[in-house]
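my_file.txt, holding compact mmCIF, C-alpha atoms:
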# COMPACT_ATOMS: atom_id res chain seq x y z
CA MET A 29 136.71 -43.49 121.93
CA SER A 30 135.82 -43.83 125.59
CA PRO A 31 132.31 -42.66 126.54
CA GLU A 32 133.95 -40.47 129.21
CA VAL A 33 135.69 -38.39 126.51
CA LEU A 34 132.73 -36.30 125.41
CA HIS A 35 132.28 -34.28 122.27
CA ASP A 36 129.47 -31.88 123.09
CA LEU A 37 127.42 -31.19 119.96
CA SER A 38 124.27 -30.32 121.90
CA MET A 39 124.57 -26.63 122.78
CA ASN A 40 125.01 -24.83 119.42
CA GLU A 41 128.33 -23.40 120.51
CA THR A 42 130.94 -22.45 117.93
CA PRO A 43 133.93 -24.83 117.86
CA GLN A 44 136.26 -21.86 117.47
CA PRO A 45 137.63 -19.70 120.32
CA PRO A 46 136.98 -15.95 120.43
CA LEU A 47 138.76 -13.74 117.93
CA PRO A 48 142.44 -13.27 118.97
CA SER A 49 142.07 -9.55 119.69
CA VAL A 50 139.01 -10.25 121.85
CA ARG A 51 140.77 -13.04 123.72
CA ARG A 52 143.71 -10.79 124.56
CA LEU A 53 141.37 -8.09 125.79
CA VAL A 54 139.54 -10.50 128.10
CA GLU A 55 142.82 -11.86 129.49
CA GLN A 56 144.05 -8.35 130.22
CA GLY A 57 140.71 -7.41 131.79
CA ALA A 58 141.08 -10.05 134.50
CA THR A 59 142.97 -7.51 136.59
CA GLY A 60 139.79 -5.45 136.92
CA LEU A 61 137.47 -8.15 138.23
CA ASN A 62 137.09 -6.26 141.50
CA ARG A 63 135.31 -3.39 139.71
CA TYR A 64 131.63 -3.15 138.83
CA PRO A 65 130.77 -2.89 135.13
CA ASP A 66 129.14 0.12 133.52
CA ASN A 67 125.45 -0.34 134.29
CA THR A 68 124.53 1.78 131.27
CA ALA A 69 126.77 -0.22 128.89
CA GLY A 70 127.45 3.12 127.22
CA ALA A 71 130.40 2.06 125.05
CA LEU A 72 128.60 -1.06 123.83
CA LEU A 73 125.40 0.84 123.04
CA ALA A 74 127.40 3.42 121.09
CA ALA A 75 129.24 0.72 119.14
CA LEU A 76 125.99 -1.09 118.32
CA ALA A 77 124.25 2.14 117.31
CA GLY A 78 127.10 2.93 114.94
CA ARG A 79 127.17 -0.55 113.46
CA LEU A 80 123.39 -0.90 113.05
CA GLY A 81 122.56 2.68 112.13
CA VAL A 82 119.83 3.02 114.76
CA PRO A 83 119.55 5.37 117.75
CA ALA A 84 121.11 4.06 120.96
CA GLY A 85 117.74 4.68 122.64
CA ARG A 86 116.29 1.80 120.63
CA ILE A 87 118.96 -0.72 121.67
CA LEU A 88 118.92 -2.94 124.75
CA VAL A 89 121.80 -5.09 125.96
CA GLY A 90 121.51 -7.95 128.38
CA PRO A 91 122.52 -11.50 129.34
CA GLY A 92 122.18 -13.12 125.94
CA SER A 93 119.24 -13.03 123.56
CA ALA A 94 117.23 -15.38 125.80
CA GLY A 95 117.60 -13.05 128.79
CA LEU A 96 116.53 -10.10 126.68
CA CYS A 97 113.54 -12.07 125.41
CA GLN A 98 112.48 -12.57 129.03
CA HIS A 99 112.81 -8.84 129.75
CA LEU A 100 110.79 -7.93 126.68
CA LEU A 101 107.95 -10.35 127.37
CA GLN A 102 107.68 -9.08 130.94
CA ALA A 103 107.83 -5.45 129.83
CA LEU A 104 105.08 -6.01 127.27
CA GLY A 105 102.80 -7.31 130.01
CA ARG A 106 102.97 -4.17 132.14
CA PRO A 107 99.74 -2.18 132.47
CA GLY A 108 99.36 0.47 129.80
CA ASP A 109 96.41 2.13 128.18
CA GLY A 110 94.29 -1.02 128.33
CA PRO A 111 94.00 -4.34 130.14
CA PRO A 112 97.08 -6.58 130.01
CA ARG A 113 96.98 -9.19 127.24
CA GLY A 114 97.84 -12.68 128.37
CA GLU A 115 98.72 -14.84 125.34
CA ILE A 116 101.96 -15.19 123.40
CA VAL A 117 101.98 -17.04 120.08
CA HIS A 118 104.99 -19.13 119.05
CA ALA A 119 105.83 -22.05 116.75
CA ALA A 120 105.20 -25.48 118.24
CA LEU A 121 108.71 -26.77 117.56
CA SER A 122 111.02 -23.86 118.26
CA PHE A 123 113.46 -22.80 121.00
CA GLU A 124 112.53 -24.91 124.00
CA ALA A 125 112.93 -21.99 126.41
CA TYR A 126 110.07 -19.96 124.91
CA PRO A 127 107.25 -21.64 126.90
CA LEU A 128 109.22 -21.11 130.13
CA LEU A 129 109.98 -17.47 129.32
CA ILE A 130 106.32 -16.92 128.48
CA ALA A 131 105.17 -18.51 131.75
CA ASN A 132 107.71 -16.44 133.71
CA ALA A 133 106.18 -13.33 132.12
CA GLY A 134 102.75 -14.31 133.46
CA ALA A 135 101.37 -15.17 130.03
CA ARG A 136 99.95 -18.26 128.37
CA PRO A 137 101.83 -19.87 125.48
CA VAL A 138 99.86 -20.46 122.28
CA PRO A 139 101.87 -23.00 120.25
CA VAL A 140 101.10 -23.19 116.53
CA PRO A 141 102.06 -26.36 114.58
CA MET A 142 104.86 -26.04 112.07
CA ALA A 143 104.58 -26.10 108.29
CA GLY A 144 107.18 -28.75 107.56
CA TYR A 145 110.41 -27.61 109.23
CA GLY A 146 109.47 -23.93 109.48
CA HIS A 147 106.98 -21.51 110.96
CA ASP A 148 103.45 -21.52 109.57
CA LEU A 149 103.11 -17.74 109.48
CA VAL A 150 99.58 -17.82 108.09
CA ALA A 151 98.39 -20.00 110.98
CA MET A 152 100.35 -17.90 113.49
CA ALA A 153 98.69 -14.73 112.24
CA ASP A 154 95.31 -16.49 112.45
CA ALA A 155 96.07 -17.35 116.10
CA VAL A 156 96.39 -13.67 117.07
CA THR A 157 93.38 -12.43 119.06
CA ALA A 158 92.45 -9.46 121.21
CA ASN A 159 94.21 -11.28 124.07
CA THR A 160 97.56 -11.63 122.26
CA ARG A 161 100.47 -9.82 123.88
CA ALA A 162 103.18 -10.86 121.40
CA VAL A 163 104.26 -13.29 118.71
CA ILE A 164 107.72 -14.89 118.79
CA ILE A 165 109.52 -15.91 115.59
CA CYS A 166 112.90 -17.66 115.51
CA ASN A 167 114.76 -17.08 112.22
CA PRO A 168 116.68 -19.31 111.53
CA ASN A 169 114.53 -21.59 113.63
CA ASN A 170 116.00 -23.52 116.53
CA PRO A 171 116.04 -26.57 116.38
CA THR A 172 115.11 -27.17 112.71
CA GLY A 173 117.39 -24.62 110.99
CA ALA A 174 114.65 -23.41 108.62
CA VAL A 175 114.49 -19.78 107.50
CA LEU A 176 111.72 -17.40 106.51
CA ARG A 177 112.04 -15.29 103.35
CA ARG A 178 111.37 -11.60 102.90
CA ALA A 179 107.99 -11.79 101.16
CA GLU A 180 106.44 -14.15 103.71
CA ILE A 181 107.74 -12.13 106.67
CA GLU A 182 106.46 -8.87 105.20
CA ALA A 183 103.04 -10.41 104.49
CA PHE A 184 102.91 -11.71 108.05
CA LEU A 185 103.88 -8.38 109.62
CA ASP A 186 101.23 -6.64 107.54
CA ARG A 187 98.59 -8.88 109.13
CA ILE A 188 99.63 -8.26 112.76
CA PRO A 189 97.78 -5.46 114.59
CA PRO A 190 100.05 -2.60 115.69
CA GLU A 191 99.27 -3.23 119.37
CA VAL A 192 100.71 -6.76 119.15
CA THR A 193 104.50 -6.96 119.34
CA VAL A 194 106.44 -9.33 117.10
CA VAL A 195 109.69 -10.55 118.69
CA VAL A 196 112.12 -11.94 116.10
CA ASP A 197 114.99 -14.02 117.48
CA GLU A 198 117.95 -13.83 115.09
CA ALA A 199 120.51 -15.61 117.30
CA TYR A 200 121.87 -17.56 114.32
CA ARG A 201 121.73 -14.87 111.65
CA GLU A 202 125.48 -14.82 110.97
CA PHE A 203 125.35 -18.38 109.61
CA VAL A 204 122.69 -17.68 106.98
CA THR A 205 123.84 -18.14 103.38
CA ALA A 206 120.45 -18.50 101.64
CA PRO A 207 119.32 -15.57 99.48
CA ASP A 208 116.35 -13.36 100.33
CA VAL A 209 116.51 -13.89 104.09
CA PRO A 210 116.02 -10.32 105.31
CA ASP A 211 117.92 -8.39 107.94
CA LEU A 212 115.07 -7.78 110.37
CA VAL A 213 116.71 -4.67 111.82
CA GLU A 214 116.48 -3.13 108.35
CA LEU A 215 113.02 -4.53 107.67
CA ALA A 216 111.66 -3.23 111.00
CA ARG A 217 112.96 0.34 110.79
CA ASP A 218 109.55 1.73 109.90
CA ARG A 219 107.46 -0.70 111.95
CA GLY A 220 106.58 0.27 115.49
CA ASN A 221 105.78 -3.20 116.81
CA VAL A 222 108.84 -5.30 115.88
CA CYS A 223 111.66 -6.25 118.27
CA VAL A 224 114.79 -8.01 117.00
CA LEU A 225 117.02 -10.14 119.24
CA ARG A 226 120.66 -11.03 118.52
CA THR A 227 123.59 -12.43 120.47
CA PHE A 228 127.38 -12.57 120.73
CA SER A 229 127.20 -16.12 122.09
CA LYS A 230 127.14 -18.00 118.78
CA ALA A 231 129.13 -16.71 115.81
CA TYR A 232 131.30 -14.41 117.96
CA GLY A 233 132.25 -17.24 120.33
CA LEU A 234 131.40 -15.38 123.56
CA ALA A 235 128.88 -17.82 125.05
CA THR A 236 130.50 -17.78 128.52
CA LEU A 237 130.25 -13.99 128.75
CA ARG A 238 126.49 -13.91 127.96
CA VAL A 239 126.02 -10.74 125.92
CA GLY A 240 123.02 -10.13 123.70
CA TYR A 241 121.28 -7.12 122.24
CA ALA A 242 117.86 -6.14 120.99
CA VAL A 243 116.63 -3.43 118.64
CA VAL A 244 113.17 -2.38 119.74
CA PRO A 245 110.73 0.56 119.50
CA GLU A 246 111.75 3.30 121.94
CA PRO A 247 108.60 3.03 124.13
CA VAL A 248 109.28 -0.68 124.61
CA ALA A 249 112.95 0.00 125.34
CA ALA A 250 112.11 2.39 128.18
CA VAL A 251 109.96 -0.18 129.99
CA ALA A 252 112.31 -3.09 129.29
CA ARG A 253 115.25 -1.19 130.78
CA MET A 254 113.35 -0.96 134.04
CA VAL A 255 112.49 -4.67 134.00
CA GLY A 256 116.11 -5.64 133.33
CA ALA A 257 117.75 -2.85 135.31
CA VAL A 258 120.11 -5.14 137.23
CA PHE A 259 120.72 -7.68 134.46
CA PHE A 260 123.26 -5.84 132.31
CA PRO A 261 126.35 -7.66 130.95
CA GLY A 262 129.52 -7.80 133.01
CA GLY A 263 132.51 -5.63 132.26
CA LEU A 264 134.50 -8.26 130.36
CA GLY A 265 131.44 -9.12 128.30
CA GLN A 266 130.84 -5.50 127.38
CA ALA A 267 134.47 -4.96 126.41
CA ALA A 268 134.59 -8.19 124.38
CA ALA A 269 131.42 -7.29 122.52
CA VAL A 270 132.74 -3.82 121.66
CA ALA A 271 135.98 -5.34 120.37
CA SER A 272 134.00 -7.91 118.34
CA LEU A 273 132.17 -5.06 116.58
CA ASP A 274 135.40 -3.38 115.47
CA PRO A 275 135.59 -3.37 111.66
CA THR A 276 139.05 -4.95 111.87
CA ALA A 277 137.40 -8.14 113.16
CA ASP A 278 134.89 -8.41 110.30
CA ASP A 279 137.04 -10.40 107.88
CA GLU A 280 138.00 -12.96 110.50
CA LEU A 281 134.40 -13.34 111.64
CA ARG A 282 133.23 -13.90 108.07
CA ALA A 283 135.98 -16.48 107.56
CA ARG A 284 134.97 -18.34 110.72
CA CYS A 285 131.31 -18.35 109.76
CA ALA A 286 132.29 -19.66 106.33
CA GLN A 287 134.16 -22.51 108.03
CA VAL A 288 131.06 -23.39 110.01
CA THR A 289 128.74 -23.30 107.01
CA ALA A 290 131.17 -25.41 104.97
CA GLU A 291 131.31 -28.01 107.73
CA ARG A 292 127.51 -27.79 108.02
CA ALA A 293 127.25 -28.83 104.38
CA ARG A 294 129.79 -31.61 104.88
CA LEU A 295 128.01 -32.91 108.00
CA GLY A 296 124.67 -32.98 106.18
CA HIS A 297 126.21 -34.72 103.18
CA ARG A 298 127.87 -37.37 105.36
CA LEU A 299 124.69 -38.07 107.32
CA ARG A 300 122.58 -38.35 104.18
CA GLY A 301 125.19 -40.65 102.74
CA ILE A 302 124.61 -43.17 105.54
CA GLY A 303 120.86 -43.03 105.02
CA LEU A 304 119.75 -40.48 107.63
CA PRO A 305 117.20 -37.74 106.90
CA VAL A 306 118.63 -34.22 107.27
CA ALA A 307 116.60 -31.04 106.98
CA PRO A 308 118.02 -28.01 105.12
CA SER A 309 119.71 -25.73 107.67
CA GLU A 310 120.81 -22.09 107.74
CA ALA A 311 122.12 -22.19 111.32
CA ASN A 312 125.19 -23.75 113.00
CA PHE A 313 123.38 -27.04 113.52
CA VAL A 314 121.48 -29.63 111.52
CA TRP A 315 118.12 -31.24 112.24
CA LEU A 316 117.41 -34.93 111.82
CA PRO A 317 113.63 -35.58 111.72
CA LEU A 318 113.86 -39.07 113.20
CA GLY A 319 110.46 -39.20 114.90
CA ALA A 320 110.16 -42.17 117.25
CA ALA A 321 113.82 -43.09 116.65
CA ALA A 322 115.12 -39.78 118.10
CA GLN A 323 115.81 -41.14 121.57
CA ALA A 324 117.60 -44.23 120.26
CA PHE A 325 119.85 -42.01 118.12
CA THR A 326 120.60 -39.75 121.09
CA ASP A 327 121.45 -42.78 123.23
CA ARG A 328 123.67 -44.25 120.50
CA CYS A 329 125.65 -41.01 120.33
CA ARG A 330 125.92 -40.79 124.11
CA SER A 331 127.28 -44.31 124.35
CA ALA A 332 130.00 -43.23 121.91
CA GLY A 333 130.88 -40.18 124.02
CA ILE A 334 129.04 -37.67 121.83
CA LEU A 335 126.31 -35.39 123.16
CA VAL A 336 123.53 -34.30 120.80
CA ARG A 337 120.19 -32.66 121.58
CA GLY A 338 117.31 -35.10 121.29
CA TYR A 339 113.65 -34.11 121.04
CA PRO A 340 111.74 -37.30 121.82
CA ASP A 341 109.31 -38.34 119.07
CA HIS A 342 110.44 -35.41 116.91
CA GLY A 343 114.10 -35.44 116.00
CA VAL A 344 117.69 -34.67 116.91
CA ARG A 345 119.64 -31.42 116.67
CA ILE A 346 123.38 -31.74 116.06
CA THR A 347 125.66 -28.73 116.43
CA VAL A 348 128.23 -28.25 113.69
CA GLY A 349 131.61 -28.99 115.24
CA THR A 350 135.05 -29.69 113.85
CA ALA A 351 135.80 -32.00 110.94
CA GLU A 352 137.10 -34.57 113.42
CA GLN A 353 133.84 -34.43 115.38
CA THR A 354 131.82 -34.88 112.18
CA ASP A 355 133.87 -37.97 111.35
CA ARG A 356 133.52 -39.44 114.84
CA LEU A 357 129.78 -38.86 114.86
CA CYS A 358 129.24 -40.48 111.47
CA ALA A 359 131.38 -43.46 112.45
CA ALA A 360 129.30 -43.92 115.61
CA VAL A 361 125.94 -43.91 113.79
CA GLY A 362 126.97 -45.46 110.50
CA ASP A 363 124.46 -48.32 110.62
CA PHE A 364 121.68 -46.47 112.45
CA ALA A 365 119.44 -46.00 109.41
CA VAL A 366 119.59 -49.70 108.59
CA THR A 367 118.90 -50.87 112.13
CA HIS A 368 116.37 -48.29 113.32
CA LEU A 369 114.63 -46.46 110.48
CA PRO A 370 111.82 -47.61 108.19
CA ALA A 371 112.43 -47.03 104.50
CA ALA A 372 109.85 -44.22 104.52
CA VAL A 373 111.99 -42.19 106.96
CA ALA A 374 115.52 -42.99 105.80
CA ARG A 375 116.63 -41.20 102.64
Just give me the structure of the file as structure tokens.
Amino acid sequence: MSPEVLHDLSMNETPQPPLPSVRRLVEQGATGLNRYPDNTAGALLAALAGRLGVPAGRILVGPGSAGLCQHLLQALGRPGDGPPRGEIVHAALSFEAYPLLIANAGARPVPVPMAGYGHDLVAMADAVTANTRAVIICNPNNPTGAVLRRAEIEAFLDRIPPEVTVVVDEAYREFVTAPDVPDLVELARDRGNVCVLRTFSKAYGLATLRVGYAVVPEPVAAVARMVGAVFFPGGLGQAAAVASLDPTADDELRARCAQVTAERARLGHRLRGIGLPVAPSEANFVWLPLGAAAQAFTDRCRSAGILVRGYPDHGVRITVGTAEQTDRLCAAVGDFAVTHLPAAVAR
């Protein structure tokens, strides 16, 4: 394979196109590109409220879950009954955009080291002080794929003061197959300080259209709408998201997610079979904790025309692609463990 013919396994995109009904709708909607979208996203809010069983007043929509995270962090820093709090706690190896979003919101990131591949919720709760504005949790975690279980999340939430907001990013929730990983929208119904982020970019295959949503306490929603007043999704994105929520699309979505999780298992098995360490994953990617060899692995893949996401001195994140892409990747790195990894790392 020529290095110019790239297989991009770096962005956590789904290898599948949008659902057929959604694709047709977007194609037909091209005739209305001269019109502004609904700045209230009324149809999408109504569809989400019906699907989630929460009032529309508690739902925000915006340009992907990352954009909504930015709006929320900025909204939480607005003057209220007391002085603004300037710190936001997050896991030390999580979504790389969090420190930037935190800085853009005028706050200081407080990174907390991981416990293995996942969040150390005890240490994160210990890091909360009177100056803490929010805590961010990514479940499943990007880039490691680890998940948090119900009991540990509930124990963590019980320790967080009500004036500190917990933002839970569930961008990869649809790919979770492990038992006892809670639906945070359900878990947070009776908690007034939990915000849940989700997206249509991953499992639904709408990454180009940039549509995400958040379920938040109503007081937070009111302020966040002002912060993100001009950052609502475009018309095609809103229509595609509404169509994706139609019950008739559920079976196909489940089938597509099952394809991804099956290929996730196959990718992990293949990589372990050639001696590479692979962390357990509940997302649409796998994590290779390669440490100092991460950059060499990334470079090896790039020379073979395959893009992966390297985290120097930590590891490599590989998006689950097609079966052909799995085979090409494994062929390209087949001897990597022998040539680059000490026996203590390779397994």
Spatial neighbours of range 216-231 of chain A, max dist 8 Å, all atoms listed in the file, sep filter under 4 positions, as an NGL selection string: :A and (40-42 or 92-93 or 96-97 or 190-203 or 212 or 235-245 or 269 or 281 or 284-285)
Using only C-alpha atoms: which of A:Val336, A:Leu104, A:Met152, A:Leu264 has the shortest distance to Leu34 in chain A: A:Val336
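Minimum atom-to-atom distances from A:Val270, A:Met254, A:Leu299, A:Ala183 to Ala74 in chain A were compared using all atoms listed in the file, and the lowest value belongs to A:Val270.
Relative to CA of Pro91 in chain A, CA of Val209 in chain A is found at 26.1 Å.
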So which residues fall inside 12 Å of (133.2, -5.5, 130.3) if we count all atoms listed in the file? Mind giving them as a compact mmCIF listing (two decimals) with C-alpha atoms, keeping the file's coordinate frame?
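Result written to out-v7.txt:
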# COMPACT_ATOMS: atom_id res chain seq x y z
CA VAL A 50 139.01 -10.25 121.85
CA LEU A 53 141.37 -8.09 125.79
CA VAL A 54 139.54 -10.50 128.10
CA GLU A 55 142.82 -11.86 129.49
CA GLN A 56 144.05 -8.35 130.22
CA GLY A 57 140.71 -7.41 131.79
CA ALA A 58 141.08 -10.05 134.50
CA THR A 59 142.97 -7.51 136.59
CA GLY A 60 139.79 -5.45 136.92
CA LEU A 61 137.47 -8.15 138.23
CA ASN A 62 137.09 -6.26 141.50
CA ARG A 63 135.31 -3.39 139.71
CA TYR A 64 131.63 -3.15 138.83
CA PRO A 65 130.77 -2.89 135.13
CA ASP A 66 129.14 0.12 133.52
CA ASN A 67 125.45 -0.34 134.29
CA THR A 68 124.53 1.78 131.27
CA ALA A 69 126.77 -0.22 128.89
CA GLY A 70 127.45 3.12 127.22
CA ALA A 71 130.40 2.06 125.05
CA LEU A 72 128.60 -1.06 123.83
CA LEU A 237 130.25 -13.99 128.75
CA ARG A 238 126.49 -13.91 127.96
CA VAL A 239 126.02 -10.74 125.92
CA PHE A 260 123.26 -5.84 132.31
CA PRO A 261 126.35 -7.66 130.95
CA GLY A 262 129.52 -7.80 133.01
CA GLY A 263 132.51 -5.63 132.26
CA LEU A 264 134.50 -8.26 130.36
CA GLY A 265 131.44 -9.12 128.30
CA GLN A 266 130.84 -5.50 127.38
CA ALA A 267 134.47 -4.96 126.41
CA ALA A 268 134.59 -8.19 124.38
CA ALA A 269 131.42 -7.29 122.52
CA VAL A 270 132.74 -3.82 121.66
CA ALA A 271 135.98 -5.34 120.37
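You can rank A:Pro189, A:Val150, A:Ala103, A:Arg178 by their closest distance to Pro247 in chain A using all atoms listed in the file, and at the top of that list sits A:Ala103.
The neighbours of Ala359 in chain A here are the residues that come within 12 Å of it, using only C-alpha atoms and leaving out any residue fewer than 6 positions away in the same chain; they are A:Met29, A:Leu295, A:Arg298, A:Leu299, A:Gly301, A:Ile302, A:Arg328, A:Cys329, A:Ala332, A:Ile334, A:Glu352, A:Gln353.
The spacing separating CA of Ala277 in chain A from CA of Pro45 in chain A amounts to 13.6 Å.
In this structure, CA of Val140 in chain A sits 5.0 Å away from CA of Ala120 in chain A.
Of the listed residues (A:Asn167, A:Ser309, A:Asn132, A:Asn159), A:Asn167 comes nearest to His147 in chain A; the distances count all atoms listed in the file.
Using all atoms listed in the file, the smallest distance between any of A:Phe313, A:Tyr126, A:Phe259, A:Tyr145 and Thr354 in chain A comes from A:Phe313.
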Selected residue of minimal separation from Leu88 in chain A among A:Asp355, A:Glu246, A:Glu310, A:Asp154, counting all atoms listed in the file: A:Glu246
Contact residues around Gly114 in chain A with all atoms listed in the file at 6 Å, ignoring same-chain residues under 2 positions, as number ranges by chain: A: 135-136, 159, 161
Answer as an MDAnalysis selection string, residues within 12 Å of (102.7, -23.3, 110.4) using all atoms listed in the file: chainID A and resid 117:122 139:155 165 176 180 184
Using the structure just given, write a file holding N, CA and C atoms for range 130-146 of chain A, as an mmCIF file, in the first residue's frame.
data_model
loop_
_atom_site.group_PDB
_atom_site.id
_atom_site.type_symbol
_atom_site.label_atom_id
_atom_site.label_comp_id
_atom_site.auth_asym_id
_atom_site.auth_seq_id
_atom_site.Cartn_x
_atom_site.Cartn_y
_atom_site.Cartn_z
ATOM 1 N N ILE A 130 -11.138 24.300 29.163
ATOM 2 C CA ILE A 130 -11.083 24.875 30.507
ATOM 3 C C ILE A 130 -10.409 26.241 30.462
ATOM 4 N N ALA A 131 -9.291 26.333 29.745
ATOM 5 C CA ALA A 131 -8.596 27.625 29.634
ATOM 6 C C ALA A 131 -9.465 28.654 28.934
ATOM 7 N N ASN A 132 -10.186 28.242 27.885
ATOM 8 C CA ASN A 132 -11.073 29.167 27.171
ATOM 9 C C ASN A 132 -12.176 29.687 28.081
ATOM 10 N N ALA A 133 -12.546 28.895 29.081
ATOM 11 C CA ALA A 133 -13.591 29.306 30.025
ATOM 12 C C ALA A 133 -13.030 30.144 31.171
ATOM 13 N N GLY A 134 -11.747 30.490 31.092
ATOM 14 C CA GLY A 134 -11.135 31.334 32.115
ATOM 15 C C GLY A 134 -10.878 30.613 33.419
ATOM 16 N N ALA A 135 -10.715 29.298 33.343
ATOM 17 C CA ALA A 135 -10.478 28.506 34.556
ATOM 18 C C ALA A 135 -9.115 27.830 34.478
ATOM 19 N N ARG A 136 -8.731 27.215 35.576
ATOM 20 C CA ARG A 136 -7.451 26.514 35.647
ATOM 21 C C ARG A 136 -7.699 25.008 35.707
ATOM 22 N N PRO A 137 -7.079 24.243 34.792
ATOM 23 C CA PRO A 137 -7.258 22.795 34.851
ATOM 24 C C PRO A 137 -6.541 22.186 36.043
ATOM 25 N N VAL A 138 -7.182 21.211 36.670
ATOM 26 C CA VAL A 138 -6.575 20.462 37.768
ATOM 27 C C VAL A 138 -6.560 18.994 37.347
ATOM 28 N N PRO A 139 -5.485 18.540 36.692
ATOM 29 C CA PRO A 139 -5.430 17.147 36.236
ATOM 30 C C PRO A 139 -5.131 16.200 37.385
ATOM 31 N N VAL A 140 -5.838 15.085 37.411
ATOM 32 C CA VAL A 140 -5.665 14.076 38.458
ATOM 33 C C VAL A 140 -5.186 12.788 37.790
ATOM 34 N N PRO A 141 -4.059 12.214 38.238
ATOM 35 C CA PRO A 141 -3.540 10.989 37.615
ATOM 36 C C PRO A 141 -4.579 9.866 37.594
ATOM 37 N N MET A 142 -4.447 9.034 36.573
ATOM 38 C CA MET A 142 -5.375 7.923 36.387
ATOM 39 C C MET A 142 -5.103 6.794 37.370
ATOM 40 N N ALA A 143 -6.100 5.943 37.537
ATOM 41 C CA ALA A 143 -5.932 4.677 38.256
ATOM 42 C C ALA A 143 -5.928 3.592 37.185
ATOM 43 N N GLY A 144 -4.750 3.191 36.744
ATOM 44 C CA GLY A 144 -4.670 2.275 35.619
ATOM 45 C C GLY A 144 -5.114 2.978 34.353
ATOM 46 N N TYR A 145 -6.133 2.418 33.675
ATOM 47 C CA TYR A 145 -6.627 3.017 32.438
ATOM 48 C C TYR A 145 -7.822 3.942 32.662
ATOM 49 N N GLY A 146 -8.314 4.019 33.893
ATOM 50 C CA GLY A 146 -9.540 4.768 34.142
ATOM 51 C C GLY A 146 -9.381 5.897 35.135
#
